[in-house]
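This report concerns only the one structure given below.
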Number of protein chains: 2
Amino acid sequence: MAPHAAANDVAQKPAVVEGTLTVANVAANRTRFPLPKGVAAFSDSSMFKSAASAAKPKAKRWDHYISAESKLRKPSTLKQIAQYLQPGMLSLGGGLPSQEYFPFHEISAKAPSPSQFADPAPANPECSVISTKHDIIDATSEFDLEVALNYGQSVGYAAFVRWVTEHVEIVHNPPYGDWDLTLAPGSTQGWDFVLRMLCKPGDIVLTEEYTFCSAMEGAAAQGVIPFPVKVDAEGLLASSLDEILTNWDPAAHGGARKPFVLYTVPSGQNPTGATQSAERRKEIYKVAQKHDLIICEDEPYYFLQMEPYKGLGTPMTPPPASTDEFLKTLVPSFLSMDTDGRVIRLDSFSKVLSPGSRVSFVVASAQLTERMIRQAETSTQSPSGMAQILLYKLLDEAWGHEGYIKWLIHIRVEYTKRRNCIMDACEEFLPKSVATFNPPTAGMFNWIQIDWKKHPAIKEGKDHDAIEEMIFLAAVDAGVLVSRGTWFLADQSAKQEDMFFRTTFAAAPADQIREAIKRFGSVLNAQFNIQ
Amino acid sequence: MAPHAAANDVAQKPAVVEGTLTVANVAANRTRFPLPKGVAAFSDSSMFKSAASAAKPKAKRWDHYISAESKLRKPSTLKQIAQYLQPGMLSLGGGLPSQEYFPFHEISAKAPSPSQFADPAPANPECSVISTKHDIIDATSEFDLEVALNYGQSVGYAAFVRWVTEHVEIVHNPPYGDWDLTLAPGSTQGWDFVLRMLCKPGDIVLTEEYTFCSAMEGAAAQGVIPFPVKVDAEGLLASSLDEILTNWDPAAHGGARKPFVLYTVPSGQNPTGATQSAERRKEIYKVAQKHDLIICEDEPYYFLQMEPYKGLGTPMTPPPASTDEFLKTLVPSFLSMDTDGRVIRLDSFSKVLSPGSRVSFVVASAQLTERMIRQAETSTQSPSGMAQILLYKLLDEAWGHEGYIKWLIHIRVEYTKRRNCIMDACEEFLPKSVATFNPPTAGMFNWIQIDWKKHPAIKEGKDHDAIEEMIFLAAVDAGVLVSRGTWFLADQSAKQEDMFFRTTFAAAPADQIREAIKRFGSVLNAQFNIQ
């Protein structure tokens with residue numbers, strides 16, 4: 001169950017790895033640096049990336065954007081003890097409890113192997129992983145419960161930081177050298193790190209005009225105001241972004257300084273479902289360079305990219321034949337084109353493994369990552385070690401990078417089926433005269449536009465919000481719950497010309513999706529007096 | 001493995017529970033309210049506490065202390081969807097992934113049963129807990145992986161919130177009715193919730209003159225300044241607290257308003273090891289009432305209270321004969337005397353089960369708890385579901401409340417042994433002429449005072465800090481790591497009359513503790529030219 005363990009044998013001569021990391025050379029790269037293995041051992045990405053990646057030019061510095069709060073953060077006093085921990089040292093210094101007092105002697109899990117991925121409930125899942133307190137001493141694993149159940153570094157436990165670093169390089173291969181990462185307890189917390197590090201009350205962050213409302217609620221409580229950038233079917237418009245920034249007049253915005261943080265969900269955007277093309281991302285990155293923006297790319301749906309929907313009943317395109325081919329089909333991330341180190345990528349296991357793990361990771365330049373780790377040290381500390389070791393056992397020891405990418409291909413196929421199911425139902429049941437929709441090519445959301453000006457209540461003087469509410473409540477009465485578009489407005493005070501409802505195809509099985517859209521179609525027919 | 005499941009059978013008639021919760025009546029109390037069981041089901045403590053507890057008078061209101069940031073926090077827009085989720089409703093509203101896409105089909109753990117607690121590595125741990133995705137549907141558990149691996153409410157997953165509520169009532173029985181709690185990903189994050197909810201930059205928090213430096217580093221980054229309250233062998237002095245507040249002059253403190261938050265570690269204080277007596281706590285609570293303080297009691301070491309140390313080689317007092325007797329031996333918490341609802345209790349599993357779980361809980365009035373939950377919704381969301389279900393399976397299904405309290409008795413005995421070991425070593429090896437120490441009666445720290453004015457370097461004009469550093473580095477050279485007292489100063493600029501070193505007896509086994517103190521004794525002898 002530990003295919004990479006041999007590669008870490010200290011007696012082994014370091015292998016020469018040419019170029020950056022791939023699924024094929026990742027084991028060899030592990031021979032470059034021994035894995036730090038003790039309780040609360042320090043690690044960072046520079047120990048685990050390839051030499052070729054580390055050798056790239058360094059990121060720009062962002063001192064001019066670091067907030068007063070973040071600047072005040074100093075390394076933990078007690079963590080300085082670690083520098084004195086040499087072999088032979090007896091420590092009465094740190095207040096770490098002893099493993100004898102952790103009652104969990106063993107934690108284990110069962111999961112399918114790649115050949116079982118298509119079976120939602122295999123009777124005998126072939127990947128059975130077991131962790132005990134003494135696996136490191138027994139040389140059966142590089143990570144064990146003695147380490148995972150104790151305090152850890154905020155960056156994460158070393159063995160799992162290694163795996164995540166490798167994953168990031170394999171998938172994104174950032175074009176600068178000192179990229180770094182920290183684990184975080186979910187991307188919502190990752191966004192909190194970004195806000196506290198960069199913003200102060202009264203600041204403005206730019207985002208899609210319809211945006212992920214939970215992220216903006218977090219900003220709002222810190223006095224940070226979202227400002228909408230126009231979108232089209234490919235998501236955020238670079239031209240709108242440029243125009244806003246070029247013409248920024250603080251006086252017109254309550255004295256707010258020119259925005260320098262862009263929050264965007266580039267793939268399968270929540271709520272519109274839009275995915276920025278590679279070309280669109282390049283345009284946006286260019287505008288970011290022109291105006292010196294930090295791009296915060298929140299990418300939970302990155303691996304849920306799909307082949308385009310080809311119409312009612314059209315069979316699915318076969319999945320990619322290999323993991324390499326799959327990775328090539330993905331629209332490049334902002335991180336993968338980030339020559340300046342101006343991208344902060346919020347990445348997550350929530351949509352592809354389990355939201356309940358509360359394990360995510362933030363990739364950014366070493367300077368920014370260090371500031372976020374300082375915040376974690378006095379707040380979240382680190383994601384749960386129980387979750388980290390379960391993910392490590394599955395992703396590193398059982399599946400390896402190749403197995404994980406196969407899982408991602410599987411998940412993508414499953415979401416494509418559901419996407420096709422909801423689109424088929426929309427084609428079949430929604431009245432075309434008032435409802436339009438763009439088949440999403442990523443994520444879990446379908447954004448339905450309603451031609452509300454055709455609604456009969458217009459004649460009674462009802463406005464946009466009143467009609468949106470009427471349709472929403474009529475749907476509830478008919479037994480289907482959808483989300484109102486106005487919930488997602490970046491600028492809640494903006495007068496709305498257009499009306500939308502968000503539907504998700506993630507949560508319900510196919511038959512329920514079909515029935516739910518059928519009900520919603522009936523509601524629209526009734527609301528708009530369509531025979 | 002589910003002894004309480006029967007008590008939750010909905011067909012069963014609610015049992016009548018007289019009085020507040022005890023280990024004996026907790027199962028009967030569960031019949032009062034069905035446990036909410038779905039994905040992301042809402043719950044709070046009011047569903048799980050006894051009727052007698054809920055009927056007590058309500059807490060005071062704290063509107064005058066809520067910070068601007070906290071006041072800005074609104075309930076999550078997307079969480080309002082939940083109110084429409086009635087039976088028969090098909091939801092395309094929320095963006096929750098579907099359990100088929102969580103690859104973990106089973107998570108399990110092994111732990112000792114109470115009869116095995118004394119064995120640090122039982123060959124066959126008798127508590128073997130297993131969780132799968134369908135335990136709720138199969139009626140084999142009230143909490144399963146379908147729920148734990150998905151998003152949850154910030155307060156925590158209902159089944160575990162119930163257990164924690166019961167535990168709090170059994171142990172502390174708060175004397176007001178609308179006490180509430182939320183799980184948090186560690187007490188460090190709990191303290192962040194408290195700071196963001198109550199304080200603004202420039203505010204001052206009161207704390208012991210030597211205090212837990214990580215907590216104060218978190219405050220400092222938010223511009224919140226610790227102010228020292230004098231301590232004696234029983235910890236924080238109520239008279240010093242009263243004096244500071246009675247004479248508070250904003251002009252003498254850079255314009256800071258009169259402090260209203262006290263941060264204290266009442267049992268086994270970090271770093272001094274002091275434990276406030278019941279009488280001392282009552283005095284402090286009275287001062288808090290007089291000056292309208294919020295008391296934040298950070299109590300990770302509460303259950304590590306011990307019998308007094310009785311001298312070199314004196315045998316241990318036998319452990320309490322029953323769980324009831326054990327609970328009676330504990331010094332009452334501030335929460336247990338909190339008639340006003342002015343205490344925020346940070347409680348944690350870190351020192352008694354595992355720091356790596358990153359699961360803690362914060363107990364406070366319903367008003368304050370609600371504000372903290374709002375912050376969690378846009379930051380940490382909730383502690384890891386993987387950790388929550390592992391703790392639930394062990395604490396509720398395998399051990400129950402009685403088994404957990406037996407574990408606490410066991411842990412307390414183990415820490416007492418280590419405390420006795422370090423005290424014996426101090427008695428044997430430290431030079432009495434320069435080193436003094438008060439045997440701690442809780443926690444994991446031993447605080448050694450050094451009569452530094454006897455140090456020969458005084459004659460060379462060396463000051464307090466220089467001599468502290470000399471001793472610290474000499475100890476490092478001799479292979480023993482201790483913590484410098486000045487690291488823990490609430491007021492880092494205060495001129496020090498006294499010198500201390502903190503030693504922990506938590507991390508090392510007995511033979512190493514003894515050897516380490518022997519080395520430290522030799523260092524002191526050499527430093528002070530003691531023959």
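So you can find residues: chains in the structure tokens are A, B, ... in the order shown, residues in each start at 1, and ligands are numbered from 1 in order.
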
With a cut-off of 6 Å, could you pull out the residues of chain A touching chain B and give me the nearest pair of atoms for each, distance in Å to one decimal, using only C-alpha atoms, ordered by chain and ascending number, as JSON lines?
```
{"residue": "A:Glu69", "atom": "CA", "partner": "B:Ala221", "partner_atom": "CA", "distance": 5.4}
{"residue": "A:Leu72", "atom": "CA", "partner": "B:Ala221", "partner_atom": "CA", "distance": 5.0}
{"residue": "A:Arg73", "atom": "CA", "partner": "B:Ala221", "partner_atom": "CA", "distance": 5.3}
{"residue": "A:Met89", "atom": "CA", "partner": "B:Gly479", "partner_atom": "CA", "distance": 4.5}
{"residue": "A:Leu90", "atom": "CA", "partner": "B:Val480", "partner_atom": "CA", "distance": 4.8}
{"residue": "A:Ser91", "atom": "CA", "partner": "B:Leu481", "partner_atom": "CA", "distance": 4.6}
{"residue": "A:Leu92", "atom": "CA", "partner": "B:Thr504", "partner_atom": "CA", "distance": 4.8}
{"residue": "A:Gly93", "atom": "CA", "partner": "B:Val482", "partner_atom": "CA", "distance": 4.3}
{"residue": "A:Leu96", "atom": "CA", "partner": "B:Ala507", "partner_atom": "CA", "distance": 5.5}
{"residue": "A:Pro97", "atom": "CA", "partner": "B:Ala507", "partner_atom": "CA", "distance": 5.2}
{"residue": "A:Ser98", "atom": "CA", "partner": "B:Ala507", "partner_atom": "CA", "distance": 4.9}
{"residue": "A:Glu100", "atom": "CA", "partner": "B:Pro120", "partner_atom": "CA", "distance": 5.6}
{"residue": "A:Phe102", "atom": "CA", "partner": "B:Leu353", "partner_atom": "CA", "distance": 5.0}
{"residue": "A:Pro103", "atom": "CA", "partner": "B:Ala111", "partner_atom": "CA", "distance": 5.4}
{"residue": "A:Phe104", "atom": "CA", "partner": "B:Ala111", "partner_atom": "CA", "distance": 5.0}
{"residue": "A:His105", "atom": "CA", "partner": "B:Ala111", "partner_atom": "CA", "distance": 5.5}
{"residue": "A:Glu106", "atom": "CA", "partner": "B:Lys110", "partner_atom": "CA", "distance": 5.0}
{"residue": "A:Ile107", "atom": "CA", "partner": "B:Ala109", "partner_atom": "CA", "distance": 4.3}
{"residue": "A:Ser108", "atom": "CA", "partner": "B:Ser108", "partner_atom": "CA", "distance": 5.2}
{"residue": "A:Ala109", "atom": "CA", "partner": "B:Ile107", "partner_atom": "CA", "distance": 4.3}
{"residue": "A:Lys110", "atom": "CA", "partner": "B:Glu106", "partner_atom": "CA", "distance": 5.0}
{"residue": "A:Ala111", "atom": "CA", "partner": "B:Phe104", "partner_atom": "CA", "distance": 5.0}
{"residue": "A:Pro120", "atom": "CA", "partner": "B:Glu100", "partner_atom": "CA", "distance": 5.6}
{"residue": "A:Ala148", "atom": "CA", "partner": "B:Gly356", "partner_atom": "CA", "distance": 5.8}
{"residue": "A:Leu149", "atom": "CA", "partner": "B:Gly356", "partner_atom": "CA", "distance": 4.0}
{"residue": "A:Asn150", "atom": "CA", "partner": "B:Gly356", "partner_atom": "CA", "distance": 4.7}
{"residue": "A:Tyr151", "atom": "CA", "partner": "B:Pro355", "partner_atom": "CA", "distance": 5.4}
{"residue": "A:Thr188", "atom": "CA", "partner": "B:Ser379", "partner_atom": "CA", "distance": 5.1}
{"residue": "A:Gln189", "atom": "CA", "partner": "B:Ser379", "partner_atom": "CA", "distance": 4.2}
{"residue": "A:Asp192", "atom": "CA", "partner": "B:Ser379", "partner_atom": "CA", "distance": 5.8}
{"residue": "A:Gly218", "atom": "CA", "partner": "B:Thr378", "partner_atom": "CA", "distance": 4.8}
{"residue": "A:Ala221", "atom": "CA", "partner": "B:Leu72", "partner_atom": "CA", "distance": 5.0}
{"residue": "A:Gln222", "atom": "CA", "partner": "B:Glu69", "partner_atom": "CA", "distance": 5.8}
{"residue": "A:Leu353", "atom": "CA", "partner": "B:Phe102", "partner_atom": "CA", "distance": 5.0}
{"residue": "A:Ser354", "atom": "CA", "partner": "B:Leu149", "partner_atom": "CA", "distance": 5.3}
{"residue": "A:Pro355", "atom": "CA", "partner": "B:Asn150", "partner_atom": "CA", "distance": 5.1}
{"residue": "A:Gly356", "atom": "CA", "partner": "B:Leu149", "partner_atom": "CA", "distance": 4.0}
{"residue": "A:Ser357", "atom": "CA", "partner": "B:Ser384", "partner_atom": "CA", "distance": 5.1}
{"residue": "A:Arg358", "atom": "CA", "partner": "B:Ser384", "partner_atom": "CA", "distance": 5.0}
{"residue": "A:Thr378", "atom": "CA", "partner": "B:Gly218", "partner_atom": "CA", "distance": 4.8}
{"residue": "A:Ser379", "atom": "CA", "partner": "B:Gln189", "partner_atom": "CA", "distance": 4.2}
{"residue": "A:Thr380", "atom": "CA", "partner": "B:Gln189", "partner_atom": "CA", "distance": 5.1}
{"residue": "A:Ser384", "atom": "CA", "partner": "B:Arg358", "partner_atom": "CA", "distance": 5.0}
{"residue": "A:Gly385", "atom": "CA", "partner": "B:Gly356", "partner_atom": "CA", "distance": 4.6}
{"residue": "A:Met386", "atom": "CA", "partner": "B:Ser357", "partner_atom": "CA", "distance": 5.8}
{"residue": "A:Ala387", "atom": "CA", "partner": "B:Met386", "partner_atom": "CA", "distance": 5.9}
{"residue": "A:Gly479", "atom": "CA", "partner": "B:Met89", "partner_atom": "CA", "distance": 4.5}
{"residue": "A:Val480", "atom": "CA", "partner": "B:Leu90", "partner_atom": "CA", "distance": 4.8}
{"residue": "A:Leu481", "atom": "CA", "partner": "B:Ser91", "partner_atom": "CA", "distance": 4.6}
{"residue": "A:Val482", "atom": "CA", "partner": "B:Gly93", "partner_atom": "CA", "distance": 4.3}
{"residue": "A:Ser483", "atom": "CA", "partner": "B:Gly93", "partner_atom": "CA", "distance": 5.0}
{"residue": "A:Thr503", "atom": "CA", "partner": "B:Leu92", "partner_atom": "CA", "distance": 4.9}
{"residue": "A:Thr504", "atom": "CA", "partner": "B:Leu92", "partner_atom": "CA", "distance": 4.8}
{"residue": "A:Ala506", "atom": "CA", "partner": "B:Pro97", "partner_atom": "CA", "distance": 5.2}
{"residue": "A:Ala507", "atom": "CA", "partner": "B:Ser98", "partner_atom": "CA", "distance": 4.9}
{"residue": "A:Ala516", "atom": "CA", "partner": "B:Leu90", "partner_atom": "CA", "distance": 5.8}
```

Write out as an MDAnalysis selection string which residues come within 8 Å of range 204-211 of chain A when counting only C-alpha atoms, dropping same-chain ones fewer than 6 positions away.
chainID A and resid 224:231 235:236 256:264 269:272 485 488:491

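Every protein or nucleic acid residue with an atom no more than 9 Å from Ser267 in chain B, counting only C-alpha atoms and leaving out same-chain residues fewer than 3 positions away, appears here: Gly235, Asn270, Gly273, Ala274, Thr275, Gln276, Ser277, Asp298, Glu299, Pro300, Tyr301, Tyr302, Phe303, Leu304, Gln305, Val331, Ser333, Thr441, Ala442 and Gly443 of chain B.
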
Only C-alpha atoms, please: the residues just picked out, written as a PDB file, in the first residue's frame.
```
ATOM      1  CA  GLY B 235      -3.162  32.524  39.618  1.00  0.00           C
ATOM      2  CA  ASN B 270       0.086  28.269  30.797  1.00  0.00           C
ATOM      3  CA  GLY B 273       0.895  26.037  36.148  1.00  0.00           C
ATOM      4  CA  ALA B 274      -1.263  27.885  38.709  1.00  0.00           C
ATOM      5  CA  THR B 275      -4.842  26.778  39.363  1.00  0.00           C
ATOM      6  CA  GLN B 276      -7.412  29.217  40.686  1.00  0.00           C
ATOM      7  CA  SER B 277      -9.262  27.853  43.726  1.00  0.00           C
ATOM      8  CA  ASP B 298      -9.619  28.969  28.177  1.00  0.00           C
ATOM      9  CA  GLU B 299      -9.728  25.572  29.855  1.00  0.00           C
ATOM     10  CA  PRO B 300      -7.779  22.897  27.976  1.00  0.00           C
ATOM     11  CA  TYR B 301      -6.339  21.534  31.221  1.00  0.00           C
ATOM     12  CA  TYR B 302      -9.563  21.459  33.229  1.00  0.00           C
ATOM     13  CA  PHE B 303      -9.658  17.673  33.502  1.00  0.00           C
ATOM     14  CA  LEU B 304      -5.957  17.473  34.261  1.00  0.00           C
ATOM     15  CA  GLN B 305      -6.556  18.608  37.845  1.00  0.00           C
ATOM     16  CA  VAL B 331     -12.642  23.000  40.974  1.00  0.00           C
ATOM     17  CA  SER B 333     -15.485  26.311  36.292  1.00  0.00           C
ATOM     18  CA  THR B 441      -2.178  20.897  40.752  1.00  0.00           C
ATOM     19  CA  ALA B 442      -3.345  20.864  37.133  1.00  0.00           C
ATOM     20  CA  GLY B 443      -2.145  20.922  33.555  1.00  0.00           C
TER      21      GLY B 443
END
```

Write down as an MDAnalysis selection string the residues of range 78-249 of chain B whose backbone DSSP state falls under strand (DSSP E).
chainID B and resid 90:91 106:111 127:132 179:184 204:208 225:229 231:232 235:236

Go ahead and write the selection's residues with N, CA and C atoms as a short mmCIF file (atom, residue, chain, number, x, y, z; two decimals), in the first residue's frame.
```cif
data_model
loop_
_atom_site.label_atom_id
_atom_site.label_comp_id
_atom_site.auth_asym_id
_atom_site.auth_seq_id
_atom_site.Cartn_x
_atom_site.Cartn_y
_atom_site.Cartn_z
N LEU B 90 -38.27 18.71 -4.17
CA LEU B 90 -37.08 18.37 -4.94
C LEU B 90 -36.19 19.61 -4.97
N SER B 91 -34.99 19.49 -4.48
CA SER B 91 -34.15 20.68 -4.38
C SER B 91 -33.09 20.73 -5.47
N GLU B 106 -16.18 3.72 3.91
CA GLU B 106 -16.16 3.32 5.32
C GLU B 106 -14.97 3.96 6.00
N ILE B 107 -15.19 4.46 7.20
CA ILE B 107 -14.10 4.96 8.04
C ILE B 107 -14.27 4.29 9.39
N SER B 108 -13.18 3.79 9.93
CA SER B 108 -13.30 3.10 11.21
C SER B 108 -12.11 3.41 12.11
N ALA B 109 -12.25 3.05 13.35
CA ALA B 109 -11.19 3.33 14.32
C ALA B 109 -11.20 2.29 15.42
N LYS B 110 -10.05 2.14 16.06
CA LYS B 110 -9.94 1.24 17.20
C LYS B 110 -9.39 2.00 18.40
N ALA B 111 -10.00 1.75 19.54
CA ALA B 111 -9.59 2.41 20.78
C ALA B 111 -9.81 1.44 21.93
N CYS B 127 -12.78 -1.36 21.65
CA CYS B 127 -13.76 -0.47 21.01
C CYS B 127 -13.40 -0.30 19.55
N SER B 128 -14.17 -0.96 18.72
CA SER B 128 -13.92 -0.89 17.29
C SER B 128 -15.15 -0.24 16.67
N VAL B 129 -15.00 0.97 16.15
CA VAL B 129 -16.16 1.70 15.62
C VAL B 129 -16.05 1.80 14.11
N ILE B 130 -17.18 1.65 13.45
CA ILE B 130 -17.22 1.66 11.99
C ILE B 130 -18.33 2.59 11.53
N SER B 131 -18.03 3.41 10.57
CA SER B 131 -19.05 4.28 10.01
C SER B 131 -19.10 4.09 8.50
N THR B 132 -20.32 3.94 7.96
CA THR B 132 -20.47 3.86 6.51
C THR B 132 -21.48 4.92 6.06
N TRP B 179 -27.90 29.12 27.76
CA TRP B 179 -26.52 28.82 27.36
C TRP B 179 -26.56 28.01 26.08
N ASP B 180 -25.55 28.18 25.28
CA ASP B 180 -25.52 27.53 23.97
C ASP B 180 -24.06 27.18 23.69
N LEU B 181 -23.83 26.52 22.59
CA LEU B 181 -22.44 26.22 22.24
C LEU B 181 -22.31 26.04 20.74
N THR B 182 -21.11 26.19 20.27
CA THR B 182 -20.79 25.83 18.89
C THR B 182 -19.48 25.07 18.90
N LEU B 183 -19.39 24.08 18.05
CA LEU B 183 -18.09 23.46 17.84
C LEU B 183 -17.20 24.47 17.13
N ALA B 184 -15.91 24.32 17.28
CA ALA B 184 -14.95 25.18 16.60
C ALA B 184 -13.74 24.33 16.24
N ILE B 204 -8.00 46.89 24.75
CA ILE B 204 -7.10 46.20 25.67
C ILE B 204 -7.84 45.00 26.26
N VAL B 205 -7.18 43.84 26.29
CA VAL B 205 -7.73 42.69 27.02
C VAL B 205 -6.85 42.42 28.23
N LEU B 206 -7.51 42.04 29.30
CA LEU B 206 -6.80 41.75 30.54
C LEU B 206 -6.44 40.27 30.58
N THR B 207 -5.28 39.99 31.16
CA THR B 207 -4.85 38.59 31.24
C THR B 207 -3.79 38.46 32.33
N GLU B 208 -3.48 37.22 32.70
CA GLU B 208 -2.41 36.99 33.68
C GLU B 208 -1.11 37.65 33.20
N ILE B 225 -4.40 44.83 22.59
CA ILE B 225 -3.21 44.85 23.42
C ILE B 225 -3.47 44.14 24.75
N PRO B 226 -2.64 43.16 25.11
CA PRO B 226 -2.82 42.52 26.42
C PRO B 226 -2.33 43.42 27.54
N PHE B 227 -3.04 43.42 28.66
CA PHE B 227 -2.64 44.20 29.83
C PHE B 227 -2.57 43.24 31.02
N PRO B 228 -1.43 43.27 31.75
CA PRO B 228 -1.20 42.24 32.77
C PRO B 228 -1.93 42.48 34.08
N VAL B 229 -2.54 41.42 34.59
CA VAL B 229 -3.12 41.39 35.93
C VAL B 229 -2.17 40.57 36.80
N VAL B 231 -0.53 38.08 39.53
CA VAL B 231 -0.86 36.70 39.90
C VAL B 231 -0.13 36.32 41.18
N ASP B 232 -0.67 35.32 41.89
CA ASP B 232 0.09 34.68 42.96
C ASP B 232 0.07 33.18 42.70
N GLY B 235 -2.83 31.90 40.90
CA GLY B 235 -3.16 32.52 39.62
C GLY B 235 -3.65 33.95 39.78
N LEU B 236 -4.49 34.35 38.85
CA LEU B 236 -4.92 35.74 38.73
C LEU B 236 -5.51 36.29 40.04
#
```

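Reported to one decimal place, the separation of CA of Glu297 in chain A from CA of Ile450 in chain A is 28.9 Å.
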
To one decimal place, how far is CA of Cys296 in chain A from CA of Arg280 in chain A in Å?
15.8 Å

Distance CA of Leu408 in chain A-CA of Val23 in chain A, one decimal place?
14.2 Å

Can you list, as a list in words, every protein, DNA or RNA residue that comes within 9 Å of Asp242 in chain A when you count only C-alpha atoms, leaving out same-chain residues fewer than 5 positions away?
Leu237, Asn247, Ile284, Val287, Ala288, Lys290 and His291 of chain A

Only N, CA and C atoms, please: the residues just picked out, written as a compact mmCIF listing (two decimals), in the first residue's frame.
```txt
# COMPACT_ATOMS: atom_id res chain seq x y z
N LEU A 237 -15.67 39.58 -18.13
CA LEU A 237 -15.20 40.27 -19.34
C LEU A 237 -13.96 41.10 -19.03
N ASN A 247 -10.82 53.84 -15.43
CA ASN A 247 -11.58 55.05 -15.09
C ASN A 247 -11.86 55.20 -13.60
N ILE A 284 -7.71 38.45 -19.31
CA ILE A 284 -7.89 38.94 -17.92
C ILE A 284 -6.54 39.09 -17.24
N VAL A 287 -4.89 42.27 -18.29
CA VAL A 287 -5.47 43.43 -17.60
C VAL A 287 -4.96 43.49 -16.15
N ALA A 288 -4.84 42.31 -15.54
CA ALA A 288 -4.33 42.26 -14.17
C ALA A 288 -2.90 42.80 -14.11
N LYS A 290 -1.60 44.98 -16.26
CA LYS A 290 -1.68 46.41 -16.56
C LYS A 290 -2.01 47.20 -15.30
N HIS A 291 -2.94 46.68 -14.49
CA HIS A 291 -3.40 47.43 -13.31
C HIS A 291 -2.85 46.87 -11.99
```

Can you pull out every residue within 8 Å of range 456-459 of chain A, counting only C-alpha atoms, but drop anything in the same chain fewer than 3 positions away, and send it as a PyMOL selection string?
chain A and resi 453+462-463+467+527-529

Requested write-out: C-alpha atoms of the selected residues, as an mmCIF file, in the first residue's frame:
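Output saved as selection.cif:
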```cif
data_model
loop_
_atom_site.group_PDB
_atom_site.id
_atom_site.type_symbol
_atom_site.label_atom_id
_atom_site.label_comp_id
_atom_site.auth_asym_id
_atom_site.auth_seq_id
_atom_site.Cartn_x
_atom_site.Cartn_y
_atom_site.Cartn_z
ATOM 1 C CA LYS A 453 -41.040 41.362 -18.926
ATOM 2 C CA LYS A 462 -45.149 44.473 -10.243
ATOM 3 C CA ASP A 463 -41.395 45.003 -10.466
ATOM 4 C CA ILE A 467 -42.003 38.803 -10.036
ATOM 5 C CA GLN A 527 -46.962 31.943 -14.418
ATOM 6 C CA PHE A 528 -46.674 33.189 -17.972
ATOM 7 C CA ASN A 529 -50.059 31.827 -19.112
#
```

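Counting only C-alpha atoms, Ala321 in chain B has the following residues at most 12 Å away, ignoring those fewer than 3 positions along the same chain: Thr317, Pro318, Asp324, Glu325, Phe326, Leu327, Lys328, Thr329, Ile405, Lys406, Ile409 and His410 of chain B.
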
Just to be explicit: take each residue in the selection above, keep C-alpha atoms, and write the result as an mmCIF file, in the first residue's frame.
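What ended up in part.cif:
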```
data_model
loop_
_atom_site.group_PDB
_atom_site.id
_atom_site.type_symbol
_atom_site.label_atom_id
_atom_site.label_comp_id
_atom_site.auth_asym_id
_atom_site.auth_seq_id
_atom_site.Cartn_x
_atom_site.Cartn_y
_atom_site.Cartn_z
ATOM 1 C CA THR B 317 -3.537 9.098 46.287
ATOM 2 C CA PRO B 318 -5.861 6.451 44.793
ATOM 3 C CA ASP B 324 -19.552 11.249 40.215
ATOM 4 C CA GLU B 325 -16.832 11.456 42.810
ATOM 5 C CA PHE B 326 -14.334 12.542 40.164
ATOM 6 C CA LEU B 327 -16.580 15.357 38.953
ATOM 7 C CA LYS B 328 -16.980 16.540 42.562
ATOM 8 C CA THR B 329 -13.210 16.796 42.982
ATOM 9 C CA ILE B 405 -15.225 10.417 32.261
ATOM 10 C CA LYS B 406 -13.378 7.208 33.116
ATOM 11 C CA ILE B 409 -9.794 9.924 35.313
ATOM 12 C CA HIS B 410 -7.201 7.734 33.609
#
```

Show me, as JSON, numbers by chain, the residues that have an atom within 10 Å of Lys417 in chain B when counting only C-alpha atoms, minus same-chain residues fewer than 6 positions from it.
{"B": [306, 309, 315, 316, 411, 423, 505, 510]}
